[in-house]
$ cat input_16.cif   # mmCIF, C-alpha atoms
data_work
loop_
_atom_site.group_PDB
_atom_site.id
_atom_site.type_symbol
_atom_site.label_atom_id
_atom_site.label_comp_id
_atom_site.auth_asym_id
_atom_site.auth_seq_id
_atom_site.Cartn_x
_atom_site.Cartn_y
_atom_site.Cartn_z
ATOM 1 C CA MET A 201 -122.521 182.756 144.890
ATOM 2 C CA TYR A 202 -125.545 180.887 146.250
ATOM 3 C CA SER A 203 -129.181 181.885 146.057
ATOM 4 C CA ILE A 204 -132.167 180.350 147.776
ATOM 5 C CA GLU A 205 -134.856 181.349 145.329
ATOM 6 C CA SER A 206 -137.779 178.923 145.450
ATOM 7 C CA THR A 207 -137.783 176.187 142.823
ATOM 8 C CA LYS A 208 -141.534 175.741 143.015
ATOM 9 C CA ASN A 209 -143.427 176.457 139.834
ATOM 10 C CA PRO A 210 -147.153 177.180 140.370
ATOM 11 C CA SER A 211 -147.918 175.839 136.884
ATOM 12 C CA LEU A 212 -146.571 172.383 137.743
ATOM 13 C CA PRO A 213 -148.492 169.755 139.722
ATOM 14 C CA ASP A 214 -147.354 168.772 143.192
ATOM 15 C CA LEU A 215 -145.447 165.529 142.674
ATOM 16 C CA GLY A 216 -145.167 164.844 146.378
ATOM 17 C CA GLN A 217 -141.392 164.840 146.219
ATOM 18 C CA THR A 218 -140.803 165.218 149.946
ATOM 19 C CA GLY A 219 -138.668 163.199 152.293
ATOM 20 C CA ARG A 220 -136.257 163.235 155.189
ATOM 21 C CA ILE A 221 -132.911 164.774 154.292
ATOM 22 C CA LEU A 222 -129.741 164.850 156.372
ATOM 23 C CA VAL A 223 -127.461 167.795 155.518
ATOM 24 C CA VAL A 224 -123.862 167.263 156.660
ATOM 25 C CA GLU A 225 -121.920 170.508 156.230
ATOM 26 C CA ASP A 226 -119.455 172.241 158.545
ATOM 27 C CA GLU A 227 -119.689 175.720 156.972
ATOM 28 C CA ASP A 228 -122.447 177.528 158.883
ATOM 29 C CA LEU A 229 -123.580 179.784 156.028
ATOM 30 C CA ILE A 230 -123.889 176.987 153.463
ATOM 31 C CA ARG A 231 -125.552 174.635 155.959
ATOM 32 C CA ASP A 232 -128.123 177.234 157.011
ATOM 33 C CA MET A 233 -128.923 178.077 153.389
ATOM 34 C CA LEU A 234 -129.344 174.404 152.505
ATOM 35 C CA VAL A 235 -131.629 173.765 155.466
ATOM 36 C CA LEU A 236 -133.738 176.826 154.652
ATOM 37 C CA ALA A 237 -134.052 176.085 150.930
ATOM 38 C CA LEU A 238 -134.865 172.389 151.405
ATOM 39 C CA THR A 239 -137.353 173.113 154.189
ATOM 40 C CA GLU A 240 -139.142 175.641 151.974
ATOM 41 C CA GLU A 241 -139.507 172.881 149.375
ATOM 42 C CA GLY A 242 -141.343 170.684 151.867
ATOM 43 C CA PHE A 243 -138.516 168.393 152.954
ATOM 44 C CA GLU A 244 -137.975 167.376 156.579
ATOM 45 C CA VAL A 245 -134.370 168.465 157.166
ATOM 46 C CA THR A 246 -131.883 167.513 159.885
ATOM 47 C CA SER A 247 -128.369 168.945 159.904
ATOM 48 C CA ALA A 248 -124.988 167.831 161.236
ATOM 49 C CA THR A 249 -121.771 169.831 161.472
ATOM 50 C CA ASP A 250 -119.265 166.970 161.291
ATOM 51 C CA GLY A 251 -118.957 163.331 160.288
ATOM 52 C CA ARG A 252 -119.144 161.916 163.795
ATOM 53 C CA GLN A 253 -122.385 163.732 164.545
ATOM 54 C CA ALA A 254 -123.789 162.445 161.255
ATOM 55 C CA LEU A 255 -122.859 158.862 162.184
ATOM 56 C CA ASN A 256 -124.640 159.214 165.509
ATOM 57 C CA LEU A 257 -127.772 160.358 163.682
ATOM 58 C CA LEU A 258 -127.535 157.535 161.148
ATOM 59 C CA CYS A 259 -126.790 154.678 163.544
ATOM 60 C CA ASN A 260 -130.180 153.923 165.062
ATOM 61 C CA PRO A 261 -130.065 150.557 166.879
ATOM 62 C CA GLU A 262 -133.822 150.103 166.404
ATOM 63 C CA LEU A 263 -133.463 149.924 162.609
ATOM 64 C CA ARG A 264 -132.787 146.722 160.734
ATOM 65 C CA GLN A 265 -129.542 146.347 158.795
ATOM 66 C CA GLY A 266 -129.636 148.389 155.587
ATOM 67 C CA GLU A 267 -132.388 150.722 156.788
ATOM 68 C CA SER A 268 -131.824 154.440 157.281
ATOM 69 C CA PRO A 269 -133.623 157.140 159.298
ATOM 70 C CA PHE A 270 -133.209 159.421 156.266
ATOM 71 C CA ASP A 271 -134.266 159.228 152.615
ATOM 72 C CA LEU A 272 -131.293 161.235 151.318
ATOM 73 C CA ILE A 273 -127.953 162.586 152.555
ATOM 74 C CA VAL A 274 -126.420 165.832 151.264
ATOM 75 C CA LEU A 275 -122.790 165.369 152.236
ATOM 76 C CA ASP A 276 -119.830 167.721 152.259
ATOM 77 C CA LEU A 277 -116.449 166.016 151.800
ATOM 78 C CA MET A 278 -114.142 168.201 153.890
ATOM 79 C CA LEU A 279 -115.545 167.516 157.356
ATOM 80 C CA PRO A 280 -113.964 167.456 160.821
ATOM 81 C CA GLN A 281 -113.906 164.237 162.874
ATOM 82 C CA VAL A 282 -114.876 161.858 160.049
ATOM 83 C CA ASN A 283 -114.516 163.106 156.463
ATOM 84 C CA GLY A 284 -117.204 162.663 153.835
ATOM 85 C CA LEU A 285 -115.432 159.935 151.843
ATOM 86 C CA ASP A 286 -114.899 157.770 154.938
ATOM 87 C CA LEU A 287 -118.502 158.313 156.009
ATOM 88 C CA CYS A 288 -119.716 157.264 152.571
ATOM 89 C CA ARG A 289 -117.504 154.145 152.572
ATOM 90 C CA LEU A 290 -118.678 153.149 156.035
ATOM 91 C CA LEU A 291 -122.366 153.471 155.172
ATOM 92 C CA ARG A 292 -121.995 151.344 152.051
ATOM 93 C CA HIS A 293 -119.931 148.773 153.950
ATOM 94 C CA GLN A 294 -122.767 148.525 156.476
ATOM 95 C CA GLY A 295 -125.247 147.859 153.677
ATOM 96 C CA ASN A 296 -126.916 151.269 153.946
ATOM 97 C CA HIS A 297 -128.065 152.242 150.429
ATOM 98 C CA VAL A 298 -129.551 155.655 151.228
ATOM 99 C CA PRO A 299 -128.896 158.013 148.269
ATOM 100 C CA ILE A 300 -125.918 160.323 148.836
ATOM 101 C CA LEU A 301 -125.336 163.638 147.073
ATOM 102 C CA ILE A 302 -121.792 164.879 147.605
ATOM 103 C CA LEU A 303 -121.016 168.595 147.776
ATOM 104 C CA SER A 304 -117.385 169.564 147.326
ATOM 105 C CA ALA A 305 -115.133 172.441 146.337
ATOM 106 C CA LYS A 306 -112.969 169.829 144.592
ATOM 107 C CA GLY A 307 -114.219 169.689 141.029
ATOM 108 C CA SER A 308 -111.596 167.739 139.089
ATOM 109 C CA GLU A 309 -112.604 164.593 137.214
ATOM 110 C CA THR A 310 -110.461 162.510 139.574
ATOM 111 C CA ASP A 311 -112.252 163.904 142.621
ATOM 112 C CA ARG A 312 -115.678 163.314 141.076
ATOM 113 C CA VAL A 313 -114.839 159.762 140.061
ATOM 114 C CA LEU A 314 -113.442 159.004 143.525
ATOM 115 C CA GLY A 315 -116.586 160.291 145.212
ATOM 116 C CA LEU A 316 -118.806 158.165 142.986
ATOM 117 C CA GLU A 317 -116.582 155.112 143.350
ATOM 118 C CA VAL A 318 -116.836 155.047 147.145
ATOM 119 C CA GLY A 319 -120.607 154.838 146.853
ATOM 120 C CA ALA A 320 -122.056 158.313 146.297
ATOM 121 C CA ASP A 321 -124.954 158.600 143.858
ATOM 122 C CA ASP A 322 -124.303 162.135 142.646
ATOM 123 C CA TYR A 323 -121.649 164.852 142.918
ATOM 124 C CA LEU A 324 -122.123 168.618 142.840
ATOM 125 C CA THR A 325 -119.269 171.107 142.847
ATOM 126 C CA LYS A 326 -119.269 174.278 144.946
ATOM 127 C CA PRO A 327 -120.392 176.950 144.262
ATOM 128 C CA PHE A 328 -123.658 175.472 143.058
ATOM 129 C CA SER A 329 -127.129 176.621 142.086
ATOM 130 C CA MET A 330 -129.681 175.895 144.792
ATOM 131 C CA ARG A 331 -132.244 175.222 142.072
ATOM 132 C CA GLU A 332 -129.994 172.539 140.562
ATOM 133 C CA LEU A 333 -129.268 170.990 143.974
ATOM 134 C CA ILE A 334 -132.973 170.655 144.769
ATOM 135 C CA ALA A 335 -133.647 169.196 141.321
ATOM 136 C CA ARG A 336 -130.914 166.611 141.883
ATOM 137 C CA CYS A 337 -132.303 165.771 145.314
ATOM 138 C CA ARG A 338 -135.718 165.156 143.793
ATOM 139 C CA ALA A 339 -134.238 163.007 141.014
ATOM 140 C CA LEU A 340 -132.308 160.865 143.511
ATOM 141 C CA LEU A 341 -135.361 160.408 145.727
ATOM 142 C CA ARG A 342 -137.558 159.539 142.739
ATOM 143 C CA ARG A 343 -135.085 156.956 141.412
ATOM 144 C CA HIS A 344 -134.545 155.431 144.845
ATOM 145 C CA ARG A 345 -138.279 155.136 145.512
ATOM 146 C CA LEU A 346 -138.947 153.542 142.142
ATOM 147 C CA ASN A 347 -136.227 150.988 142.823
ATOM 148 C CA GLY A 348 -137.581 150.415 146.326
ATOM 149 C CA TYR A 349 -141.074 149.672 145.075
ATOM 150 C CA SER A 350 -140.024 147.011 142.581
ATOM 151 C CA PRO A 351 -141.348 143.507 143.299
ATOM 152 C CA PRO A 352 -139.047 140.907 144.846
ATOM 153 C CA SER A 353 -136.596 139.537 142.299
ATOM 154 C CA PRO A 354 -135.756 135.856 142.030
ATOM 155 C CA ALA A 355 -132.173 134.660 142.180
ATOM 156 C CA LEU A 356 -130.272 135.001 138.907
ATOM 157 C CA GLN A 357 -127.983 132.243 137.670
ATOM 158 C CA PHE A 358 -125.541 132.046 134.787
ATOM 159 C CA LYS A 359 -123.341 128.943 134.594
ATOM 160 C CA ASP A 360 -121.777 128.748 138.079
ATOM 161 C CA ILE A 361 -122.573 132.328 139.141
ATOM 162 C CA CYS A 362 -125.584 132.917 141.422
ATOM 163 C CA LEU A 363 -126.788 136.435 142.229
ATOM 164 C CA TYR A 364 -129.375 137.080 144.950
ATOM 165 C CA PRO A 365 -130.879 140.563 144.339
ATOM 166 C CA GLN A 366 -132.772 140.800 147.628
ATOM 167 C CA GLU A 367 -129.584 140.102 149.571
ATOM 168 C CA CYS A 368 -127.106 141.916 147.261
ATOM 169 C CA ARG A 369 -125.073 138.712 147.391
ATOM 170 C CA VAL A 370 -123.040 136.939 144.702
ATOM 171 C CA VAL A 371 -121.757 133.366 144.837
ATOM 172 C CA VAL A 372 -119.222 132.168 142.269
ATOM 173 C CA ARG A 373 -118.335 128.468 142.098
ATOM 174 C CA GLY A 374 -119.693 128.039 145.619
ATOM 175 C CA GLU A 375 -117.678 130.928 147.066
ATOM 176 C CA GLU A 376 -119.254 134.219 148.106
ATOM 177 C CA MET A 377 -117.700 137.230 146.386
ATOM 178 C CA VAL A 378 -117.443 140.731 147.856
ATOM 179 C CA LEU A 379 -118.255 143.233 145.100
ATOM 180 C CA SER A 380 -118.358 147.023 145.179
ATOM 181 C CA PRO A 381 -121.798 148.617 144.532
ATOM 182 C CA LYS A 382 -120.914 149.419 140.899
ATOM 183 C CA GLU A 383 -119.414 145.957 140.264
ATOM 184 C CA TYR A 384 -122.559 144.382 141.701
ATOM 185 C CA LYS A 385 -124.874 146.556 139.567
ATOM 186 C CA LEU A 386 -122.886 145.727 136.430
ATOM 187 C CA LEU A 387 -123.079 142.000 137.105
ATOM 188 C CA GLU A 388 -126.792 142.192 137.957
ATOM 189 C CA LEU A 389 -127.485 144.027 134.694
ATOM 190 C CA PHE A 390 -125.475 141.495 132.678
ATOM 191 C CA MET A 391 -127.176 138.530 134.355
ATOM 192 C CA SER A 392 -130.625 140.051 133.857
ATOM 193 C CA HIS A 393 -129.950 140.243 130.102
ATOM 194 C CA PRO A 394 -127.536 137.408 129.188
ATOM 195 C CA ARG A 395 -125.980 137.579 125.703
ATOM 196 C CA ARG A 396 -127.129 141.175 125.217
ATOM 197 C CA VAL A 397 -124.346 143.533 124.139
ATOM 198 C CA TRP A 398 -124.118 146.757 126.150
ATOM 199 C CA SER A 399 -122.179 149.795 124.949
ATOM 200 C CA ARG A 400 -120.156 151.835 127.433
ATOM 201 C CA ASP A 401 -122.653 154.697 127.210
ATOM 202 C CA GLN A 402 -125.540 152.325 127.920
ATOM 203 C CA LEU A 403 -123.724 150.901 130.945
ATOM 204 C CA LEU A 404 -122.956 154.387 132.243
ATOM 205 C CA ASP A 405 -126.608 155.348 131.896
ATOM 206 C CA ARG A 406 -127.966 152.185 133.569
ATOM 207 C CA VAL A 407 -125.379 151.770 136.338
ATOM 208 C CA TRP A 408 -124.000 155.262 137.006
ATOM 209 C CA GLY A 409 -127.063 157.263 135.991
ATOM 210 C CA SER A 410 -127.808 159.655 133.136
ATOM 211 C CA ASP A 411 -126.373 162.594 135.101
ATOM 212 C CA PHE A 412 -122.940 160.958 135.546
ATOM 213 C CA VAL A 413 -120.077 163.313 134.710
ATOM 214 C CA GLY A 414 -116.852 161.559 133.801
ATOM 215 C CA ASP A 415 -114.978 159.439 131.304
ATOM 216 C CA SER A 416 -116.489 156.284 129.797
ATOM 217 C CA LYS A 417 -113.180 154.558 130.595
ATOM 218 C CA THR A 418 -114.461 154.133 134.140
ATOM 219 C CA VAL A 419 -116.607 151.318 132.688
ATOM 220 C CA ASP A 420 -113.486 149.496 131.447
ATOM 221 C CA VAL A 421 -111.867 149.862 134.861
ATOM 222 C CA HIS A 422 -114.875 148.360 136.637
ATOM 223 C CA ILE A 423 -115.167 145.540 134.107
ATOM 224 C CA ARG A 424 -111.530 144.680 134.791
ATOM 225 C CA TRP A 425 -112.119 144.683 138.561
ATOM 226 C CA LEU A 426 -115.251 142.557 138.136
ATOM 227 C CA ARG A 427 -113.372 140.029 136.008
ATOM 228 C CA GLU A 428 -110.638 139.752 138.625
ATOM 229 C CA LYS A 429 -113.267 138.624 141.122
ATOM 230 C CA ILE A 430 -115.443 136.271 139.071
ATOM 231 C CA GLU A 431 -113.273 134.887 136.250
ATOM 232 C CA ARG A 432 -110.987 131.888 136.576
ATOM 233 C CA ASP A 433 -108.538 133.676 134.282
ATOM 234 C CA PRO A 434 -109.285 137.434 133.973
ATOM 235 C CA SER A 435 -107.032 137.687 130.907
ATOM 236 C CA GLN A 436 -109.206 135.099 129.124
ATOM 237 C CA PRO A 437 -112.716 135.823 130.426
ATOM 238 C CA GLU A 438 -115.510 133.285 129.991
ATOM 239 C CA TYR A 439 -118.273 135.363 131.574
ATOM 240 C CA VAL A 440 -117.907 139.084 130.777
ATOM 241 C CA ILE A 441 -116.893 139.152 127.123
ATOM 242 C CA THR A 442 -115.576 142.144 125.158
ATOM 243 C CA VAL A 443 -117.365 142.648 121.834
ATOM 244 C CA ARG A 444 -114.871 144.648 119.783
ATOM 245 C CA GLY A 445 -116.246 147.964 118.592
ATOM 246 C CA PHE A 446 -119.522 147.544 120.507
ATOM 247 C CA GLY A 447 -119.083 146.944 124.234
ATOM 248 C CA TYR A 448 -119.577 144.012 126.617
ATOM 249 C CA ARG A 449 -121.913 141.061 127.096
ATOM 250 C CA LEU A 450 -122.329 138.138 129.471
ATOM 251 C CA GLY A 451 -121.339 134.796 127.984
#

$ encode --input "input_16.cif" --output "structure tokens"
Amino acid sequence: MYSIESTKNPSLPDLGQTGRILVVEDEDLIRDMLVLALTEEGFEVTSATDGRQALNLLCNPELRQGESPFDLIVLDLMLPQVNGLDLCRLLRHQGNHVPILILSAKGSETDRVLGLEVGADDYLTKPFSMRELIARCRALLRRHRLNGYSPPSPALQFKDICLYPQECRVVVRGEEMVLSPKEYKLLELFMSHPRRVWSRDQLLDRVWGSDFVGDSKTVDVHIRWLREKIERDPSQPEYVITVRGFGYRLG
């Protein structure tokens, strides 16, 4: 079912893809195999057997808000004490943007979409290939580090919407709006490229990631939720406009 064959290829250069990974898994066999495989790949691995233990490891009072003692979390959903979905929601609510890879025996589209909607960055169904898991971990770490090294971004403004990238904050007509991570990323993308038309596939690739597995209709759902928060009249939007047959644009 699972194998822990090394993913290292001697013909490839060392890309330095190491980091601190927290594995949260209550099944002893799977947890031990994950720790062993990730450690062999050069990662610094800490493990937790339930959600409460994971929270204790993640809540370091010496860190500033939004910081994390780990670079990546590999998270099982069906956990005792605090389940994986609640843990994911809580971290995102606290402003912790550490990449999260969900592991779950639940593989339906609804389950995958739910996991991604509460703030996870990737979703892998059990049983899984250890080689694929490690590749996904590396991809998440690479993407997160590239984003983290980008220079400070100035505030974005379109009409009476102000978006502050460094604070992940949005103000509409003088009132601060609470957006989900995906709603925020959609708005930031639109405001960074006003008037540009984005197809659903382009939005999925830029906001959800090229490895997203699901229906493109999730874009329509998030656009509707975003409109409900920023538009005066969501049924007659003035900001996020539908371009029939193509996609969406700002203004």

$ residues_around --input "input_16.cif" --residues "Arg369 (chain A)" --least-positions-apart "2" --cutoff "12 Å" --atoms "only C-alpha atoms" --output "list in words"
Gly295, Ala355, Leu356, Ile361, Cys362, Leu363, Tyr364, Pro365, Gln366, Glu367, Val371, Val372, Glu375, Glu376, Met377, Val378, Leu379, Ser380, Pro381, Glu383, Tyr384, Lys385, Leu387 and Glu388 of chain A

$ resolve_selection --input "input_16.cif" --expression "the PyMOL selection byres ((chain A and resi 285) around 10)" --output "list in words"
Gly251, Leu275, Asp276, Leu277, Met278, Leu279, Val282, Asn283, Gly284, Asp286, Leu287, Cys288, Arg289, Leu290, Ile302, Leu314, Gly315, Leu316, Glu317, Val318, Gly319 and Ala320 of chain A

$ resolve_selection --input "input_16.cif" --expression "the PyMOL selection byres ((chain A and resi 448) around 7)" --output "ChimeraX atom specification"
/A:397-399,440-443,447,449

$ write_last_selection --input "input_16.cif" --atoms "C-alpha atoms" --output "short mmCIF file (atom, residue, chain, number, x, y, z; two decimals), in the frame of the given file"
data_model
loop_
_atom_site.label_atom_id
_atom_site.label_comp_id
_atom_site.auth_asym_id
_atom_site.auth_seq_id
_atom_site.Cartn_x
_atom_site.Cartn_y
_atom_site.Cartn_z
CA VAL A 397 -124.35 143.53 124.14
CA TRP A 398 -124.12 146.76 126.15
CA SER A 399 -122.18 149.79 124.95
CA VAL A 440 -117.91 139.08 130.78
CA ILE A 441 -116.89 139.15 127.12
CA THR A 442 -115.58 142.14 125.16
CA VAL A 443 -117.36 142.65 121.83
CA GLY A 447 -119.08 146.94 124.23
CA ARG A 449 -121.91 141.06 127.10
#

$ residues_around --input "input_16.cif" --residues "Leu234 (chain A)" --least-positions-apart "3" --cutoff "9 Å" --atoms "all atoms listed in the file" --output "VMD selection string"
chain A and resid 204 223 229 to 231 237 to 239 330

$ write_last_selection --input "input_16.cif" --atoms "C-alpha atoms" --output "PDB file, in the frame of the given file"
ATOM      1  CA  ILE A 204    -132.167 180.350 147.776  1.00  0.00           C
ATOM      2  CA  VAL A 223    -127.461 167.795 155.518  1.00  0.00           C
ATOM      3  CA  LEU A 229    -123.580 179.784 156.028  1.00  0.00           C
ATOM      4  CA  ILE A 230    -123.889 176.987 153.463  1.00  0.00           C
ATOM      5  CA  ARG A 231    -125.552 174.635 155.959  1.00  0.00           C
ATOM      6  CA  ALA A 237    -134.052 176.085 150.930  1.00  0.00           C
ATOM      7  CA  LEU A 238    -134.865 172.389 151.405  1.00  0.00           C
ATOM      8  CA  THR A 239    -137.353 173.113 154.189  1.00  0.00           C
ATOM      9  CA  MET A 330    -129.681 175.895 144.792  1.00  0.00           C
TER      10      MET A 330
END

$ closest_residue --input "input_16.cif" --among "A:Arg432, A:His297, A:His344, A:Arg406" --to "Cys368 (chain A)" --atoms "only C-alpha atoms"
A:His297

$ axis_aligned_box --input "input_16.cif" --around "region 395-401 of chain A" --padding-each-side "5 Å" --output "AutoDock Vina command-line options"
--center_x -123.6 --center_y 146.1 --center_z 125.8 --size_x 17.0 --size_y 27.1 --size_z 13.3
